[in-house]
Amino acid sequence: MQVRLINGSTEREGRVEVLYKGEWGTVCDDDFDILDANVICRMLGFPGAVSAEINGRFGAGNSSQTVLLDDLWCSGKEASVASCSFRGWGSHDCTHSEDAGVVCKEKPPGNSSVLTSL
């Protein structure tokens with residue numbers, strides 16, 4: 001499963017879109033929280049999420065798009081949102097004004113290791 005972030009000001013934030021059966025769709029913000037955002041950010045190669053955004057903070061999806069995930073519930077440990085609980089692909093009671101977004105944590109710098117002493 002693929003995810004992407006749209007309409008953010010950086011690569012680590014934006015409206016969440018998921019690819020299902022060749023179609024990009026959105027995620028409804030019903031029950032959307034930091035645990036769900038953590039899974040999405042890790043899918044994108046980030047270490048986790050700073051915040052879970054609701055009420056279409058990063059704009060509404062295209063009117064031709066389907067809301068693909070609603071009532072998403074992740075424990076936060078899943079490798080993919082496809083492994084989380086949700087209403088069913090394309091089953092929703094949302095409009096695009098409720099599209100969910102995320103702000104992901106910054107990726108750590110290259111392969112450098114940082115040692116700190118207390």
# chains A, B, ... in the order shown; residues from 1 in each chain; ligands from 1

$ residues_around --residues "Asp31 of chain A" --least-positions-apart "4" --cutoff "10 Å" --atoms "only C-alpha atoms" --output "list in words"
Asp36, Ile54, Asp70, Asp71, Leu72, Trp73, Cys74 and Phe86 of chain A

$ residues_around --residues "Lys21 of chain A" --least-positions-apart "5" --cutoff "12 Å" --atoms "only C-alpha atoms" --output "PDB file with N, CA, C and O atoms, in the first residue's frame"
ATOM      1  N   MET A   1       0.845  -1.186   0.000  1.00  0.00           N
ATOM      2  CA  MET A   1       0.000   0.000   0.000  1.00  0.00           C
ATOM      3  C   MET A   1       0.879   1.233   0.000  1.00  0.00           C
ATOM      4  O   MET A   1       1.904   1.258   0.661  1.00  0.00           O
ATOM      5  N   GLN A   2       0.467   2.241  -0.744  1.00  0.00           N
ATOM      6  CA  GLN A   2       1.214   3.486  -0.807  1.00  0.00           C
ATOM      7  C   GLN A   2       0.427   4.612  -0.153  1.00  0.00           C
ATOM      8  O   GLN A   2      -0.807   4.632  -0.203  1.00  0.00           O
ATOM      9  N   THR A  66     -12.405   9.511  -3.831  1.00  0.00           N
ATOM     10  CA  THR A  66     -13.188   8.824  -2.819  1.00  0.00           C
ATOM     11  C   THR A  66     -12.497   8.967  -1.466  1.00  0.00           C
ATOM     12  O   THR A  66     -11.270   8.969  -1.390  1.00  0.00           O
ATOM     13  N   LEU A  68     -11.329   7.007   1.170  1.00  0.00           N
ATOM     14  CA  LEU A  68     -11.071   5.561   1.200  1.00  0.00           C
ATOM     15  C   LEU A  68     -11.030   4.972   2.596  1.00  0.00           C
ATOM     16  O   LEU A  68     -11.343   3.799   2.783  1.00  0.00           O
ATOM     17  N   TRP A  89     -12.854  -0.337   2.974  1.00  0.00           N
ATOM     18  CA  TRP A  89     -12.375   0.481   1.865  1.00  0.00           C
ATOM     19  C   TRP A  89     -13.533   1.219   1.192  1.00  0.00           C
ATOM     20  O   TRP A  89     -14.476   0.596   0.718  1.00  0.00           O
ATOM     21  N   GLY A  90     -13.461   2.559   1.199  1.00  0.00           N
ATOM     22  CA  GLY A  90     -14.469   3.381   0.525  1.00  0.00           C
ATOM     23  C   GLY A  90     -15.761   3.562   1.287  1.00  0.00           C
ATOM     24  O   GLY A  90     -16.644   4.281   0.843  1.00  0.00           O
TER      25      GLY A  90
END

$ closest_residue --among "A:Val81, A:Leu44, A:Arg4, A:Asp29" --to "Glu17 of chain A" --atoms "only C-alpha atoms"
A:Arg4

$ residues_around --residues "Ile34 of chain A" --least-positions-apart "3" --cutoff "8 Å" --atoms "only C-alpha atoms" --output "PyMOL selection string"
chain A and resi 37-38+49-52

$ write_last_selection --atoms "N, CA and C atoms" --output "PDB file, in the first residue's frame"
ATOM      1  N   ALA A  37      -1.406   8.807  12.789  1.00  0.00           N
ATOM      2  CA  ALA A  37      -0.406   9.650  12.126  1.00  0.00           C
ATOM      3  C   ALA A  37       0.985   9.030  12.218  1.00  0.00           C
ATOM      4  N   ASN A  38       1.306   8.418  13.353  1.00  0.00           N
ATOM      5  CA  ASN A  38       2.615   7.760  13.502  1.00  0.00           C
ATOM      6  C   ASN A  38       2.806   6.662  12.468  1.00  0.00           C
ATOM      7  N   ALA A  49       5.210  10.957  14.018  1.00  0.00           N
ATOM      8  CA  ALA A  49       4.426  12.162  13.746  1.00  0.00           C
ATOM      9  C   ALA A  49       4.581  13.196  14.850  1.00  0.00           C
ATOM     10  N   VAL A  50       4.517  14.449  14.450  1.00  0.00           N
ATOM     11  CA  VAL A  50       4.447  15.571  15.385  1.00  0.00           C
ATOM     12  C   VAL A  50       2.985  15.813  15.736  1.00  0.00           C
ATOM     13  N   SER A  51       2.112  15.727  14.705  1.00  0.00           N
ATOM     14  CA  SER A  51       0.695  15.983  14.944  1.00  0.00           C
ATOM     15  C   SER A  51      -0.188  15.281  13.917  1.00  0.00           C
ATOM     16  N   ALA A  52      -1.429  15.052  14.332  1.00  0.00           N
ATOM     17  CA  ALA A  52      -2.490  14.546  13.461  1.00  0.00           C
ATOM     18  C   ALA A  52      -3.412  15.732  13.207  1.00  0.00           C
TER      19      ALA A  52
END

$ closest_residue --among "A:Asn55, A:Gly14, A:Asp33, A:Gly45" --to "Ser80 of chain A" --atoms "only C-alpha atoms"
A:Gly45

$ closest_residue --among "A:Asp93, A:Pro108, A:Gly101, A:Ser75" --to "Glu53 of chain A" --atoms "only C-alpha atoms"
A:Gly101

$ closest_residue --among "A:Cys84, A:Val67, A:Cys41, A:Val16" --to "Lys105 of chain A" --atoms "only C-alpha atoms"
A:Cys41

$ closest_residue --among "A:Leu69, A:Phe32, A:Glu23, A:Phe58" --to "Ser97 of chain A" --atoms "only C-alpha atoms"
A:Phe58

$ select_by_dssp --residues "chain A" --states "strand (DSSP E)" --output "PDB file with N, CA, C and O atoms, in the first residue's frame"
ATOM      1  N   GLN A   2       0.467   2.241  -0.744  1.00  0.00           N
ATOM      2  CA  GLN A   2       1.214   3.486  -0.807  1.00  0.00           C
ATOM      3  C   GLN A   2       0.427   4.612  -0.153  1.00  0.00           C
ATOM      4  O   GLN A   2      -0.807   4.632  -0.203  1.00  0.00           O
ATOM      5  N   VAL A   3       1.164   5.537   0.462  1.00  0.00           N
ATOM      6  CA  VAL A   3       0.577   6.765   0.992  1.00  0.00           C
ATOM      7  C   VAL A   3       1.401   7.934   0.485  1.00  0.00           C
ATOM      8  O   VAL A   3       2.576   7.780   0.138  1.00  0.00           O
ATOM      9  N   ARG A   4       0.763   9.099   0.446  1.00  0.00           N
ATOM     10  CA  ARG A   4       1.477  10.323   0.088  1.00  0.00           C
ATOM     11  C   ARG A   4       0.868  11.491   0.851  1.00  0.00           C
ATOM     12  O   ARG A   4      -0.259  11.395   1.352  1.00  0.00           O
ATOM     13  N   LEU A   5       1.635  12.576   0.911  1.00  0.00           N
ATOM     14  CA  LEU A   5       1.171  13.801   1.552  1.00  0.00           C
ATOM     15  C   LEU A   5       1.047  14.883   0.483  1.00  0.00           C
ATOM     16  O   LEU A   5       1.951  15.076  -0.325  1.00  0.00           O
ATOM     17  N   ILE A   6      -0.080  15.588   0.499  1.00  0.00           N
ATOM     18  CA  ILE A   6      -0.393  16.594  -0.514  1.00  0.00           C
ATOM     19  C   ILE A   6      -0.652  17.944   0.165  1.00  0.00           C
ATOM     20  O   ILE A   6      -1.247  17.995   1.240  1.00  0.00           O
ATOM     21  N   GLU A  13       4.735  17.100   5.633  1.00  0.00           N
ATOM     22  CA  GLU A  13       3.384  17.451   6.078  1.00  0.00           C
ATOM     23  C   GLU A  13       2.437  17.523   4.896  1.00  0.00           C
ATOM     24  O   GLU A  13       2.851  17.717   3.759  1.00  0.00           O
ATOM     25  N   GLY A  14       1.153  17.324   5.194  1.00  0.00           N
ATOM     26  CA  GLY A  14       0.151  17.457   4.143  1.00  0.00           C
ATOM     27  C   GLY A  14      -1.075  16.598   4.391  1.00  0.00           C
ATOM     28  O   GLY A  14      -1.169  15.881   5.394  1.00  0.00           O
ATOM     29  N   ARG A  15      -2.019  16.696   3.448  1.00  0.00           N
ATOM     30  CA  ARG A  15      -3.218  15.859   3.478  1.00  0.00           C
ATOM     31  C   ARG A  15      -2.790  14.435   3.153  1.00  0.00           C
ATOM     32  O   ARG A  15      -1.989  14.205   2.249  1.00  0.00           O
ATOM     33  N   VAL A  16      -3.328  13.476   3.875  1.00  0.00           N
ATOM     34  CA  VAL A  16      -2.984  12.074   3.657  1.00  0.00           C
ATOM     35  C   VAL A  16      -3.827  11.520   2.518  1.00  0.00           C
ATOM     36  O   VAL A  16      -5.053  11.646   2.517  1.00  0.00           O
ATOM     37  N   GLU A  17      -3.141  10.907   1.552  1.00  0.00           N
ATOM     38  CA  GLU A  17      -3.829  10.185   0.494  1.00  0.00           C
ATOM     39  C   GLU A  17      -3.261   8.774   0.419  1.00  0.00           C
ATOM     40  O   GLU A  17      -2.063   8.573   0.624  1.00  0.00           O
ATOM     41  N   VAL A  18      -4.136   7.816   0.171  1.00  0.00           N
ATOM     42  CA  VAL A  18      -3.733   6.413   0.072  1.00  0.00           C
ATOM     43  C   VAL A  18      -4.112   5.881  -1.303  1.00  0.00           C
ATOM     44  O   VAL A  18      -5.085   6.328  -1.906  1.00  0.00           O
ATOM     45  N   LEU A  19      -3.318   4.947  -1.793  1.00  0.00           N
ATOM     46  CA  LEU A  19      -3.569   4.329  -3.095  1.00  0.00           C
ATOM     47  C   LEU A  19      -4.212   2.968  -2.869  1.00  0.00           C
ATOM     48  O   LEU A  19      -3.671   2.109  -2.180  1.00  0.00           O
ATOM     49  N   TYR A  20      -5.395   2.792  -3.444  1.00  0.00           N
ATOM     50  CA  TYR A  20      -6.110   1.524  -3.319  1.00  0.00           C
ATOM     51  C   TYR A  20      -6.725   1.185  -4.677  1.00  0.00           C
ATOM     52  O   TYR A  20      -7.475   1.978  -5.243  1.00  0.00           O
ATOM     53  N   GLU A  23      -6.387   3.820  -7.337  1.00  0.00           N
ATOM     54  CA  GLU A  23      -7.052   5.103  -7.104  1.00  0.00           C
ATOM     55  C   GLU A  23      -6.487   5.769  -5.853  1.00  0.00           C
ATOM     56  O   GLU A  23      -6.390   5.136  -4.798  1.00  0.00           O
ATOM     57  N   TRP A  24      -6.117   7.041  -5.988  1.00  0.00           N
ATOM     58  CA  TRP A  24      -5.709   7.813  -4.817  1.00  0.00           C
ATOM     59  C   TRP A  24      -6.945   8.385  -4.156  1.00  0.00           C
ATOM     60  O   TRP A  24      -7.781   9.002  -4.813  1.00  0.00           O
ATOM     61  N   GLY A  25      -7.083   8.160  -2.857  1.00  0.00           N
ATOM     62  CA  GLY A  25      -8.212   8.703  -2.104  1.00  0.00           C
ATOM     63  C   GLY A  25      -7.730   9.256  -0.779  1.00  0.00           C
ATOM     64  O   GLY A  25      -6.549   9.186  -0.446  1.00  0.00           O
ATOM     65  N   THR A  26      -8.655   9.808  -0.037  1.00  0.00           N
ATOM     66  CA  THR A  26      -8.307  10.491   1.209  1.00  0.00           C
ATOM     67  C   THR A  26      -8.695   9.664   2.436  1.00  0.00           C
ATOM     68  O   THR A  26      -9.332   8.617   2.337  1.00  0.00           O
ATOM     69  N   VAL A  27      -8.313  10.198   3.594  1.00  0.00           N
ATOM     70  CA  VAL A  27      -8.605   9.581   4.889  1.00  0.00           C
ATOM     71  C   VAL A  27      -9.474  10.567   5.673  1.00  0.00           C
ATOM     72  O   VAL A  27      -9.128  11.740   5.797  1.00  0.00           O
ATOM     73  N   ALA A  49       5.210  10.957  14.018  1.00  0.00           N
ATOM     74  CA  ALA A  49       4.426  12.162  13.746  1.00  0.00           C
ATOM     75  C   ALA A  49       4.581  13.196  14.850  1.00  0.00           C
ATOM     76  O   ALA A  49       4.720  12.851  16.021  1.00  0.00           O
ATOM     77  N   VAL A  50       4.517  14.449  14.450  1.00  0.00           N
ATOM     78  CA  VAL A  50       4.447  15.571  15.385  1.00  0.00           C
ATOM     79  C   VAL A  50       2.985  15.813  15.736  1.00  0.00           C
ATOM     80  O   VAL A  50       2.633  16.057  16.878  1.00  0.00           O
ATOM     81  N   SER A  51       2.112  15.727  14.705  1.00  0.00           N
ATOM     82  CA  SER A  51       0.695  15.983  14.944  1.00  0.00           C
ATOM     83  C   SER A  51      -0.188  15.281  13.917  1.00  0.00           C
ATOM     84  O   SER A  51       0.246  14.969  12.806  1.00  0.00           O
ATOM     85  N   ALA A  52      -1.429  15.052  14.332  1.00  0.00           N
ATOM     86  CA  ALA A  52      -2.490  14.546  13.461  1.00  0.00           C
ATOM     87  C   ALA A  52      -3.412  15.732  13.207  1.00  0.00           C
ATOM     88  O   ALA A  52      -3.897  16.354  14.155  1.00  0.00           O
ATOM     89  N   GLU A  53      -3.631  16.066  11.950  1.00  0.00           N
ATOM     90  CA  GLU A  53      -4.402  17.256  11.600  1.00  0.00           C
ATOM     91  C   GLU A  53      -5.789  16.874  11.094  1.00  0.00           C
ATOM     92  O   GLU A  53      -5.933  15.898  10.354  1.00  0.00           O
ATOM     93  N   VAL A  67     -13.289   9.086  -0.424  1.00  0.00           N
ATOM     94  CA  VAL A  67     -12.746   8.964   0.928  1.00  0.00           C
ATOM     95  C   VAL A  67     -12.571   7.457   1.129  1.00  0.00           C
ATOM     96  O   VAL A  67     -13.547   6.709   1.191  1.00  0.00           O
ATOM     97  N   LEU A  68     -11.329   7.007   1.170  1.00  0.00           N
ATOM     98  CA  LEU A  68     -11.071   5.561   1.200  1.00  0.00           C
ATOM     99  C   LEU A  68     -11.030   4.972   2.596  1.00  0.00           C
ATOM    100  O   LEU A  68     -11.343   3.799   2.783  1.00  0.00           O
ATOM    101  N   LEU A  69     -10.605   5.766   3.583  1.00  0.00           N
ATOM    102  CA  LEU A  69     -10.516   5.249   4.950  1.00  0.00           C
ATOM    103  C   LEU A  69     -11.289   6.149   5.899  1.00  0.00           C
ATOM    104  O   LEU A  69     -11.114   7.372   5.894  1.00  0.00           O
ATOM    105  N   GLY A 101      -4.822  15.024   7.848  1.00  0.00           N
ATOM    106  CA  GLY A 101      -3.452  15.330   7.456  1.00  0.00           C
ATOM    107  C   GLY A 101      -2.501  14.993   8.578  1.00  0.00           C
ATOM    108  O   GLY A 101      -2.919  14.667   9.696  1.00  0.00           O
ATOM    109  N   VAL A 102      -1.227  15.057   8.285  1.00  0.00           N
ATOM    110  CA  VAL A 102      -0.206  14.799   9.302  1.00  0.00           C
ATOM    111  C   VAL A 102       0.943  15.787   9.156  1.00  0.00           C
ATOM    112  O   VAL A 102       1.177  16.340   8.078  1.00  0.00           O
ATOM    113  N   VAL A 103       1.640  15.977  10.260  1.00  0.00           N
ATOM    114  CA  VAL A 103       2.947  16.626  10.256  1.00  0.00           C
ATOM    115  C   VAL A 103       3.897  15.594  10.851  1.00  0.00           C
ATOM    116  O   VAL A 103       3.701  15.151  11.988  1.00  0.00           O
ATOM    117  N   CYS A 104       4.862  15.173  10.053  1.00  0.00           N
ATOM    118  CA  CYS A 104       5.800  14.133  10.476  1.00  0.00           C
ATOM    119  C   CYS A 104       7.048  14.758  11.112  1.00  0.00           C
ATOM    120  O   CYS A 104       7.421  15.896  10.804  1.00  0.00           O
TER     121      CYS A 104
END

$ select_by_dssp --residues "chain A" --states "alpha helix (DSSP H)" --output "MDAnalysis selection string"
chainID A and resid 34:43

$ write_last_selection --atoms "C-alpha atoms" --output "JSON list (two decimals), in the first residue's frame"
[["chain", "number", "residue", "atom", "x", "y", "z"],
["A", 34, "ILE", "CA", -1.49, 10.70, 16.70],
["A", 35, "LEU", "CA", -1.31, 6.88, 16.68],
["A", 36, "ASP", "CA", -2.72, 6.81, 13.14],
["A", 37, "ALA", "CA", -0.41, 9.65, 12.13],
["A", 38, "ASN", "CA", 2.61, 7.76, 13.50],
["A", 39, "VAL", "CA", 1.87, 4.77, 11.26],
["A", 40, "ILE", "CA", 1.45, 7.01, 8.19],
["A", 41, "CYS", "CA", 4.66, 8.93, 8.86],
["A", 42, "ARG", "CA", 6.65, 5.71, 9.36],
["A", 43, "MET", "CA", 5.23, 4.38, 6.06]]

$ atom_distance --atom1 "atom CA of Gly59 of chain A" --atom2 "atom CA of Glu78 of chain A"
26.5 Å

$ atom_distance --atom1 "atom CA of Thr10 of chain A" --atom2 "atom CA of Gly22 of chain A"
25.3 Å
